[in-house]
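Asker: Contents of upload26.csv (CSV, C-alpha atoms):
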```csv
chain,number,residue,atom,x,y,z
A,1,MET,CA,74.0,136.7,53.1
A,2,ASN,CA,73.9,133.0,52.4
A,3,ARG,CA,74.1,130.4,55.1
A,4,ALA,CA,77.8,129.5,54.4
A,5,LYS,CA,79.0,133.1,54.7
A,6,LEU,CA,76.8,133.7,57.8
A,7,ALA,CA,78.4,130.6,59.5
A,8,LEU,CA,81.9,131.8,58.7
A,9,VAL,CA,81.2,135.3,60.1
A,10,LEU,CA,79.8,133.8,63.3
A,11,SER,CA,82.7,131.5,63.6
A,12,LEU,CA,85.3,134.3,63.2
A,13,ASN,CA,83.4,136.4,65.7
A,14,VAL,CA,83.4,133.6,68.3
A,15,VAL,CA,87.2,133.0,67.8
A,16,GLY,CA,87.7,136.8,68.2
A,17,ILE,CA,85.8,136.8,71.4
A,18,ARG,CA,87.8,133.9,72.8
A,19,ILE,CA,91.1,135.5,71.9
A,20,ALA,CA,90.1,138.8,73.4
A,21,THR,CA,88.6,137.5,76.6
A,22,GLY,CA,90.6,134.4,77.2
A,23,PHE,CA,87.3,132.5,77.4
A,24,GLN,CA,87.5,128.7,76.7
A,25,PRO,CA,84.4,126.7,76.2
A,26,ILE,CA,83.5,123.9,78.6
A,27,GLN,CA,84.5,120.5,77.2
A,28,HIS,CA,81.8,117.9,77.4
A,29,TYR,CA,83.0,114.3,77.1
A,30,ASN,CA,81.0,111.2,77.0
A,31,LYS,CA,81.9,108.3,79.2
A,32,ALA,CA,84.0,106.5,76.6
A,33,THR,CA,86.1,109.6,75.8
A,34,LYS,CA,86.6,110.3,79.5
A,35,ALA,CA,87.7,106.7,80.2
A,36,SER,CA,90.2,106.9,77.4
A,37,ILE,CA,91.7,110.1,78.7
A,38,MET,CA,91.9,108.7,82.2
A,39,ALA,CA,93.5,105.5,80.9
A,40,ALA,CA,96.4,107.4,79.4
A,41,HIS,CA,97.7,108.2,82.9
A,42,PRO,CA,99.8,105.9,85.2
A,43,VAL,CA,98.1,104.8,88.5
A,44,GLY,CA,99.9,105.4,91.8
A,45,PHE,CA,99.7,103.3,95.0
A,46,ILE,CA,101.4,104.3,98.2
A,47,GLY,CA,101.6,101.8,101.1
A,48,LEU,CA,102.0,98.0,100.5
A,49,GLY,CA,101.3,96.7,103.9
A,50,ILE,CA,98.7,94.1,105.1
A,51,MET,CA,95.9,95.9,103.2
A,52,GLY,CA,97.8,97.8,100.5
A,53,GLU,CA,99.5,94.8,99.1
A,54,GLY,CA,96.2,93.1,98.4
A,55,MET,CA,94.6,96.2,97.0
A,56,ALA,CA,97.5,97.0,94.6
A,57,SER,CA,97.4,93.4,93.5
A,58,ARG,CA,93.8,93.7,92.5
A,59,LEU,CA,94.6,96.8,90.4
A,60,LEU,CA,97.1,94.6,88.6
A,61,SER,CA,95.1,91.4,88.3
A,62,GLU,CA,92.0,93.2,87.1
A,63,ASP,CA,94.0,95.2,84.5
A,64,VAL,CA,93.2,98.6,85.9
A,65,ALA,CA,96.9,99.2,85.9
A,66,GLY,CA,100.1,97.4,85.1
A,67,LYS,CA,100.0,97.8,81.4
A,68,LYS,CA,102.6,99.5,79.2
A,69,ASP,CA,100.5,102.6,78.7
A,70,VAL,CA,99.1,102.5,82.2
A,71,PRO,CA,101.8,101.3,84.6
A,72,LEU,CA,101.3,100.9,88.3
A,73,ILE,CA,103.7,103.2,90.1
A,74,VAL,CA,104.4,102.3,93.8
A,75,TRP,CA,106.2,103.4,96.9
A,76,ASN,CA,106.4,101.8,100.3
A,77,ARG,CA,108.4,102.7,103.4
A,78,SER,CA,110.3,99.4,103.2
A,79,GLU,CA,111.4,98.6,99.6
A,80,GLU,CA,111.1,94.9,100.1
A,81,LYS,CA,107.3,95.1,99.8
A,82,CYS,CA,107.7,96.7,96.4
A,83,THR,CA,110.2,94.1,95.3
A,84,ALA,CA,107.8,91.3,96.4
A,85,LEU,CA,105.0,92.9,94.4
A,86,CYS,CA,107.1,93.0,91.2
A,87,GLU,CA,108.2,89.4,91.7
A,88,ARG,CA,104.6,88.3,92.1
A,89,PHE,CA,103.6,90.0,88.9
A,90,PRO,CA,106.6,89.7,86.6
A,91,ASN,CA,104.5,90.3,83.4
A,92,LYS,CA,103.0,93.5,84.7
A,93,GLU,CA,104.4,97.0,84.2
A,94,ILE,CA,105.3,98.1,87.8
A,95,ILE,CA,107.5,101.1,88.5
A,96,VAL,CA,109.0,101.6,91.9
A,97,LYS,CA,109.8,105.1,93.0
A,98,LYS,CA,112.1,106.3,95.8
A,99,THR,CA,109.6,108.7,97.4
A,100,ALA,CA,105.9,109.2,97.7
A,101,ARG,CA,106.3,112.6,96.1
A,102,GLU,CA,107.6,111.0,92.9
A,103,VAL,CA,104.6,108.7,92.7
A,104,VAL,CA,102.1,111.6,92.9
A,105,GLU,CA,104.1,113.6,90.4
A,106,SER,CA,104.0,110.7,87.9
A,107,CYS,CA,100.3,109.8,88.2
A,108,GLY,CA,96.9,111.3,87.6
A,109,ILE,CA,95.3,109.4,90.5
A,110,THR,CA,97.2,108.1,93.5
A,111,TYR,CA,95.8,105.7,96.1
A,112,SER,CA,97.2,105.6,99.6
A,113,MET,CA,96.8,103.0,102.3
A,114,LEU,CA,98.9,103.6,105.4
A,115,SER,CA,98.6,101.9,108.7
A,116,THR,CA,98.3,104.6,111.4
A,117,PRO,CA,97.6,108.4,111.8
A,118,GLU,CA,101.2,108.9,112.7
A,119,VAL,CA,102.5,107.2,109.6
A,120,ALA,CA,99.9,108.8,107.3
A,121,GLU,CA,100.9,112.3,108.6
A,122,SER,CA,104.6,111.8,108.1
A,123,VAL,CA,104.2,110.3,104.6
A,124,PHE,CA,101.7,113.0,103.6
A,125,ASN,CA,103.5,116.1,104.9
A,126,GLY,CA,107.1,115.0,104.6
A,127,ASN,CA,109.5,116.9,102.3
A,128,ASP,CA,109.2,114.1,99.8
A,129,GLY,CA,105.7,113.2,100.8
A,130,VAL,CA,102.3,113.1,99.1
A,131,LEU,CA,101.5,116.8,99.4
A,132,ALA,CA,104.9,117.8,97.9
A,133,GLY,CA,103.9,116.0,94.7
A,134,VAL,CA,100.5,117.5,94.4
A,135,SER,CA,99.8,120.1,91.7
A,136,ALA,CA,96.8,121.2,89.7
A,137,GLY,CA,95.0,118.2,88.2
A,138,LYS,CA,96.4,115.6,90.6
A,139,SER,CA,94.0,113.3,92.5
A,140,ILE,CA,94.5,111.6,95.9
A,141,VAL,CA,92.4,108.8,97.2
A,142,ASP,CA,93.2,108.1,100.8
A,143,CYS,CA,92.0,104.7,102.1
A,144,ALA,CA,93.4,104.8,105.6
A,145,THR,CA,91.3,105.0,108.8
A,146,LEU,CA,92.3,108.3,110.4
A,147,ALA,CA,90.7,110.9,112.7
A,148,GLU,CA,88.1,113.0,110.9
A,149,THR,CA,90.2,116.1,111.4
A,150,ASP,CA,93.2,114.4,109.8
A,151,MET,CA,91.2,113.7,106.6
A,152,GLN,CA,89.8,117.2,106.5
A,153,SER,CA,93.3,118.7,106.8
A,154,MET,CA,94.7,116.5,104.1
A,155,SER,CA,91.8,117.4,101.8
A,156,ALA,CA,92.2,121.1,102.3
A,157,SER,CA,95.9,120.9,101.6
A,158,VAL,CA,95.3,119.0,98.4
A,159,THR,CA,92.5,121.2,97.1
A,160,GLU,CA,94.5,124.4,97.9
A,161,LYS,CA,97.1,123.2,95.4
A,162,GLY,CA,94.5,122.5,92.7
A,163,GLY,CA,94.1,118.8,93.3
A,164,ARG,CA,91.1,116.6,94.1
A,165,PHE,CA,90.7,114.6,97.2
A,166,LEU,CA,88.6,111.5,98.0
A,167,GLU,CA,88.3,110.1,101.5
A,168,ALA,CA,87.8,106.3,101.0
A,169,PRO,CA,88.4,104.2,104.1
A,170,VAL,CA,87.5,100.6,103.7
A,171,SER,CA,85.5,98.0,105.6
A,172,GLY,CA,87.3,94.7,105.4
A,173,SER,CA,90.6,93.2,106.3
A,174,LYS,CA,93.5,91.2,104.6
A,175,GLY,CA,91.3,88.5,103.1
A,176,PRO,CA,88.8,90.9,101.5
A,177,ALA,CA,91.6,93.1,100.3
A,178,ALA,CA,93.2,90.2,98.5
A,179,THR,CA,90.0,89.0,96.9
A,180,GLY,CA,88.5,92.4,95.9
A,181,ALA,CA,85.7,92.3,98.5
A,182,LEU,CA,86.3,95.5,100.4
A,183,ILE,CA,83.6,98.1,101.0
A,184,PHE,CA,84.6,101.7,100.3
A,185,LEU,CA,83.1,104.5,102.4
A,186,CYS,CA,83.7,107.7,100.6
A,187,ALA,CA,83.4,111.5,100.9
A,188,GLY,CA,85.0,114.5,99.1
A,189,SER,CA,85.2,114.9,95.4
A,190,GLU,CA,82.1,113.3,93.9
A,191,GLU,CA,83.5,113.8,90.4
A,192,LEU,CA,86.6,111.7,91.4
A,193,PHE,CA,84.4,109.1,93.0
A,194,SER,CA,82.3,108.7,89.8
A,195,GLU,CA,85.4,108.4,87.7
A,196,ILE,CA,86.9,105.5,89.7
A,197,GLN,CA,83.8,103.7,91.1
A,198,GLY,CA,83.4,101.4,88.1
A,199,THR,CA,87.1,100.8,87.6
A,200,ALA,CA,89.6,100.9,90.5
A,201,LEU,CA,87.0,100.7,93.3
A,202,ALA,CA,85.2,97.9,91.5
A,203,ALA,CA,88.5,96.0,91.2
A,204,MET,CA,89.4,96.4,94.9
A,205,GLY,CA,85.9,96.1,96.4
A,206,LYS,CA,82.5,94.6,96.2
A,207,ALA,CA,80.7,97.8,97.1
A,208,SER,CA,81.4,101.6,97.3
A,209,HIS,CA,79.3,104.2,99.0
A,210,PHE,CA,79.4,108.0,98.6
A,211,PHE,CA,78.2,109.8,101.7
A,212,SER,CA,78.9,113.5,101.2
A,213,THR,CA,81.0,116.1,99.4
A,214,THR,CA,82.1,117.1,102.9
A,215,VAL,CA,85.2,115.2,103.9
A,216,GLY,CA,84.8,113.4,107.2
A,217,ALA,CA,81.6,111.6,106.5
A,218,GLY,CA,83.5,108.5,105.2
A,219,THR,CA,85.7,108.4,108.3
A,220,ARG,CA,82.6,108.6,110.5
A,221,ALA,CA,81.0,105.7,108.7
A,222,LYS,CA,84.1,103.6,109.0
A,223,LEU,CA,84.5,104.3,112.8
A,224,VAL,CA,80.8,103.4,113.4
A,225,VAL,CA,81.4,100.1,111.5
A,226,ASN,CA,84.7,99.3,113.3
A,227,SER,CA,83.6,100.2,116.7
A,228,LEU,CA,80.6,97.9,116.3
A,229,MET,CA,82.9,95.1,115.0
A,230,GLY,CA,85.3,95.5,118.0
A,231,THR,CA,82.4,95.5,120.5
A,232,MET,CA,81.0,92.4,118.8
A,233,MET,CA,84.4,90.7,119.0
A,234,ALA,CA,84.8,91.6,122.7
A,235,ALA,CA,81.4,90.1,123.5
A,236,PHE,CA,82.0,87.0,121.4
A,237,ALA,CA,85.3,86.5,123.2
A,238,GLU,CA,83.6,86.7,126.6
A,239,GLY,CA,80.9,84.4,125.4
A,240,LEU,CA,83.3,81.7,124.3
A,241,ALA,CA,85.3,82.0,127.5
A,242,LEU,CA,82.0,81.6,129.5
A,243,SER,CA,81.1,78.5,127.4
A,244,GLU,CA,84.5,76.9,128.2
A,245,ALA,CA,84.2,77.9,131.9
A,246,VAL,CA,80.8,76.1,132.3
A,247,GLY,CA,81.9,73.0,130.5
A,248,LEU,CA,80.4,73.5,127.0
A,249,ASP,CA,82.2,72.6,123.9
A,250,PRO,CA,83.2,75.9,122.3
A,251,HIS,CA,83.1,74.4,118.8
A,252,LYS,CA,79.5,73.3,119.4
A,253,MET,CA,78.6,76.7,120.7
A,254,ILE,CA,80.1,78.4,117.6
A,255,GLU,CA,77.9,76.1,115.5
A,256,VAL,CA,74.8,77.0,117.6
A,257,ILE,CA,75.6,80.7,117.4
A,258,GLY,CA,75.9,80.4,113.6
A,259,GLN,CA,72.4,78.9,113.3
A,260,GLY,CA,70.5,81.6,115.1
A,261,ALA,CA,69.6,85.3,114.7
A,262,ILE,CA,72.9,86.4,116.2
A,263,GLN,CA,75.0,84.6,113.6
A,264,SER,CA,77.8,86.5,111.9
A,265,PRO,CA,80.4,85.7,109.3
A,266,MET,CA,83.0,87.1,111.7
A,267,TYR,CA,82.0,84.6,114.4
A,268,ASN,CA,82.0,81.7,111.9
A,269,LEU,CA,85.4,82.7,110.5
A,270,LYS,CA,87.2,83.7,113.7
A,271,GLY,CA,85.6,81.4,116.3
A,272,PRO,CA,87.5,78.1,115.5
A,273,LYS,CA,90.8,80.0,115.1
A,274,MET,CA,90.3,81.7,118.5
A,275,VAL,CA,89.7,78.3,120.2
A,276,ALA,CA,92.9,77.0,118.5
A,277,LYS,CA,94.9,80.1,119.5
A,278,ASP,CA,95.4,81.0,115.9
A,279,HIS,CA,95.6,84.8,115.7
A,280,ASP,CA,97.5,85.3,112.5
A,281,PRO,CA,96.9,88.9,111.7
A,282,ASN,CA,94.4,90.0,109.2
A,283,PHE,CA,93.4,93.1,111.1
A,284,PRO,CA,96.0,93.8,113.9
A,285,LEU,CA,94.6,94.3,117.3
A,286,LYS,CA,96.5,97.6,117.8
A,287,HIS,CA,94.7,99.0,114.7
A,288,ALA,CA,91.4,97.8,115.9
A,289,HIS,CA,91.9,99.5,119.2
A,290,LYS,CA,92.9,102.7,117.4
A,291,ASP,CA,89.6,102.8,115.5
A,292,MET,CA,87.6,102.1,118.7
A,293,ALA,CA,89.4,104.9,120.5
A,294,LEU,CA,88.6,107.3,117.7
A,295,ALA,CA,85.0,106.1,117.7
A,296,CYS,CA,84.7,106.8,121.4
A,297,ASP,CA,86.0,110.3,120.8
A,298,ILE,CA,83.3,111.1,118.2
A,299,ALA,CA,80.6,109.5,120.3
A,300,LYS,CA,81.6,111.7,123.2
A,301,SER,CA,81.7,114.8,121.1
A,302,SER,CA,78.4,114.0,119.5
A,303,GLY,CA,76.6,113.5,122.8
A,304,VAL,CA,75.9,109.8,122.4
A,305,GLU,CA,75.7,107.3,125.3
A,306,TYR,CA,78.5,104.8,124.5
A,307,SER,CA,79.2,102.9,127.7
A,308,VAL,CA,79.2,99.5,126.0
A,309,MET,CA,81.6,100.6,123.3
A,310,ALA,CA,83.8,102.3,125.9
A,311,THR,CA,84.0,99.1,127.9
A,312,ALA,CA,85.1,97.1,124.9
A,313,GLU,CA,87.6,99.8,124.0
A,314,LYS,CA,89.2,99.4,127.5
A,315,LEU,CA,89.5,95.7,127.0
A,316,PHE,CA,91.2,96.2,123.7
A,317,ARG,CA,93.5,98.8,125.2
A,318,ALA,CA,94.5,96.4,127.9
A,319,ALA,CA,95.2,93.7,125.3
A,320,ARG,CA,97.2,96.1,123.2
A,321,ASP,CA,99.3,97.2,126.2
A,322,ASP,CA,99.8,93.6,127.6
A,323,ASN,CA,103.6,93.1,127.2
A,324,ASP,CA,103.4,89.6,128.7
A,325,LEU,CA,101.0,88.3,126.1
A,326,ALA,CA,102.3,90.5,123.2
A,327,LEU,CA,99.0,90.7,121.5
A,328,ALA,CA,99.3,94.1,119.8
A,329,ASP,CA,100.5,92.8,116.4
A,330,LEU,CA,98.3,89.8,116.4
A,331,ASP,CA,94.8,89.7,114.9
A,332,PHE,CA,92.1,91.6,116.8
A,333,SER,CA,90.6,88.2,117.7
A,334,ALA,CA,93.5,87.9,120.2
A,335,VAL,CA,91.5,90.0,122.6
A,336,PHE,CA,90.2,86.5,123.5
A,337,GLU,CA,93.5,85.8,125.3
A,338,GLU,CA,93.1,89.0,127.4
A,339,VAL,CA,89.7,87.8,128.4
A,340,HIS,CA,91.1,84.5,129.6
A,341,LYS,CA,94.0,86.2,131.4
A,342,LYS,CA,91.5,88.3,133.3
A,343,SER,CA,89.3,85.3,134.1
A,344,THR,CA,89.7,83.0,137.1
A,345,SER,CA,87.9,79.9,135.8
A,346,GLU,CA,89.7,76.6,135.7
A,347,ALA,CA,89.3,76.6,131.9
A,348,SER,CA,91.0,80.0,131.7
A,349,LYS,CA,93.8,79.0,134.1
A,350,LYS,CA,94.4,75.9,132.0
A,351,ARG,CA,94.6,77.9,128.8
A,352,MET,CA,96.9,80.5,130.2
A,353,GLY,CA,99.1,77.9,132.0
```
Once you've parsed the file, please lay out its structure as structure tokens.
Answerer:
Amino acid sequence: MNRAKLALVLSLNVVGIRIATGFQPIQHYNKATKASIMAAHPVGFIGLGIMGEGMASRLLSEDVAGKKDVPLIVWNRSEEKCTALCERFPNKEIIVKKTAREVVESCGITYSMLSTPEVAESVFNGNDGVLAGVSAGKSIVDCATLAETDMQSMSASVTEKGGRFLEAPVSGSKGPAATGALIFLCAGSEELFSEIQGTALAAMGKASHFFSTTVGAGTRAKLVVNSLMGTMMAAFAEGLALSEAVGLDPHKMIEVIGQGAIQSPMYNLKGPKMVAKDHDPNFPLKHAHKDMALACDIAKSSGVEYSVMATAEKLFRAARDDNDLALADLDFSAVFEEVHKKSTSEASKKRMG
């Protein structure tokens, strides 16, 4: 039998086996082919609040989405945010849906950035929520900071319906979200992470880290970062209040702190605004407290001594619950005002008077 006939016989035999057994060969795509397949699907974004608005804007400005063949499909609890995004990008293809379910149903990959565990739970599990739109092949990337168990429950629900789930909380606030300087802390589907690391995550962030295929690791990383940040802010607020109480120029002390080993971009950025009582929210104090409380929970369950963190959490809790000062919706730097309220120095009395 010549080679041509042998090849034909083998080919027919393989086809026969596939028909008889239902076997389909594994498709192997190179990166370019895979990217072209991914590019054919609309991109979804749910939640256009303080963080989500900046993140969605980066997907548009960096041409990850917003094109005729790859529109950005969005939903927000208040439709005004969707309207504002459309007005800001009049030349981009943006489609506003009436429910989160419709966004997921319309897209291959949907990103979600919601403010609190309560909001995330209602949007995810609602009748017209995220989960209702999940089917085989759908991918969910959740960027909120939730409890570890919340993320694990969401992941299990998505994968049970044949979807993929990536936990991707971010380190960064309003400014970094708007400029694409967030840091993504990821766990879950490593395949999904690899697909979006160089595109969407690169557009929205300056770095992305994959910790584990087990969902929860990303949340743990985020809570470690944010609990440290909150503790640093509480200590900084007390240090500035002490500087003022003993007659030191707080601006000069901020300069000194910025020149030594304890310097921090956060101190340089927030310090002058704190002195000027400028607490325009980039990261609301109530959200900072939520993260610190969650971090205290995992520290306790992990058997870690966390008295410093716990003390800072109590200060943030007092600030969040202070109805007289109404600090909850201000930037987390507003904990400085709670420090002054609890202080009895003449400088603090003057500031609070």
Asker: Between A:Ser173, A:Leu294, A:Cys86, A:Ser333, which is the closest to Pro117 of chain A once you count only C-alpha atoms?
Answerer: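 Smallest separation from Pro117 of chain A among the options: A:Leu294.
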Asker: Quick one: everything within 10 Å of Ser57 of chain A, counting all atoms listed in the file, minus sequence neighbours fewer than 3 positions away in the same chain. Send it as number ranges by chain.
Answerer: A: 48, 52-54, 60-63, 65-66, 72, 85-86, 88-89, 177-180, 203-204
Asker: Would you write out those residues with C-alpha atoms, as a PDB file, in the frame of the given file?
Answerer:
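The new file result-v4.pdb reads:
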```pdb
ATOM      1  CA  LEU A  48     102.000  98.000 100.500  1.00  0.00           C
ATOM      2  CA  GLY A  52      97.800  97.800 100.500  1.00  0.00           C
ATOM      3  CA  GLU A  53      99.500  94.800  99.100  1.00  0.00           C
ATOM      4  CA  GLY A  54      96.200  93.100  98.400  1.00  0.00           C
ATOM      5  CA  LEU A  60      97.100  94.600  88.600  1.00  0.00           C
ATOM      6  CA  SER A  61      95.100  91.400  88.300  1.00  0.00           C
ATOM      7  CA  GLU A  62      92.000  93.200  87.100  1.00  0.00           C
ATOM      8  CA  ASP A  63      94.000  95.200  84.500  1.00  0.00           C
ATOM      9  CA  ALA A  65      96.900  99.200  85.900  1.00  0.00           C
ATOM     10  CA  GLY A  66     100.100  97.400  85.100  1.00  0.00           C
ATOM     11  CA  LEU A  72     101.300 100.900  88.300  1.00  0.00           C
ATOM     12  CA  LEU A  85     105.000  92.900  94.400  1.00  0.00           C
ATOM     13  CA  CYS A  86     107.100  93.000  91.200  1.00  0.00           C
ATOM     14  CA  ARG A  88     104.600  88.300  92.100  1.00  0.00           C
ATOM     15  CA  PHE A  89     103.600  90.000  88.900  1.00  0.00           C
ATOM     16  CA  ALA A 177      91.600  93.100 100.300  1.00  0.00           C
ATOM     17  CA  ALA A 178      93.200  90.200  98.500  1.00  0.00           C
ATOM     18  CA  THR A 179      90.000  89.000  96.900  1.00  0.00           C
ATOM     19  CA  GLY A 180      88.500  92.400  95.900  1.00  0.00           C
ATOM     20  CA  ALA A 203      88.500  96.000  91.200  1.00  0.00           C
ATOM     21  CA  MET A 204      89.400  96.400  94.900  1.00  0.00           C
TER      22      MET A 204
END
```
Asker: Enter the distance from atom CA of Leu131 of chain A to atom CA of His41 of chain A, in Å, rounded to one decimal.
Answerer: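 Interatomic distance here is 19.0 Å.
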Asker: So, with all atoms listed in the file as the atoms that count, which of A:Tyr111, A:Trp75, A:Phe211, A:Phe283 lies closest to Lys174 of chain A?
Answerer: A:Phe283
Asker: Could you give me, as a PDB file with C-alpha atoms, in the coordinates of the input, the residues that sit within 12 Å of (82.6, 113.0, 91.6) in the file's coordinates, counting all atoms listed in the file?
Answerer:
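Output file selection_2.pdb follows:
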```
ATOM      1  CA  SER A 139      94.000 113.300  92.500  1.00  0.00           C
ATOM      2  CA  ARG A 164      91.100 116.600  94.100  1.00  0.00           C
ATOM      3  CA  PHE A 165      90.700 114.600  97.200  1.00  0.00           C
ATOM      4  CA  LEU A 166      88.600 111.500  98.000  1.00  0.00           C
ATOM      5  CA  GLU A 167      88.300 110.100 101.500  1.00  0.00           C
ATOM      6  CA  CYS A 186      83.700 107.700 100.600  1.00  0.00           C
ATOM      7  CA  ALA A 187      83.400 111.500 100.900  1.00  0.00           C
ATOM      8  CA  GLY A 188      85.000 114.500  99.100  1.00  0.00           C
ATOM      9  CA  SER A 189      85.200 114.900  95.400  1.00  0.00           C
ATOM     10  CA  GLU A 190      82.100 113.300  93.900  1.00  0.00           C
ATOM     11  CA  GLU A 191      83.500 113.800  90.400  1.00  0.00           C
ATOM     12  CA  LEU A 192      86.600 111.700  91.400  1.00  0.00           C
ATOM     13  CA  PHE A 193      84.400 109.100  93.000  1.00  0.00           C
ATOM     14  CA  SER A 194      82.300 108.700  89.800  1.00  0.00           C
ATOM     15  CA  GLU A 195      85.400 108.400  87.700  1.00  0.00           C
ATOM     16  CA  ILE A 196      86.900 105.500  89.700  1.00  0.00           C
ATOM     17  CA  GLN A 197      83.800 103.700  91.100  1.00  0.00           C
ATOM     18  CA  HIS A 209      79.300 104.200  99.000  1.00  0.00           C
ATOM     19  CA  PHE A 210      79.400 108.000  98.600  1.00  0.00           C
ATOM     20  CA  PHE A 211      78.200 109.800 101.700  1.00  0.00           C
ATOM     21  CA  SER A 212      78.900 113.500 101.200  1.00  0.00           C
ATOM     22  CA  THR A 213      81.000 116.100  99.400  1.00  0.00           C
TER      23      THR A 213
END
```
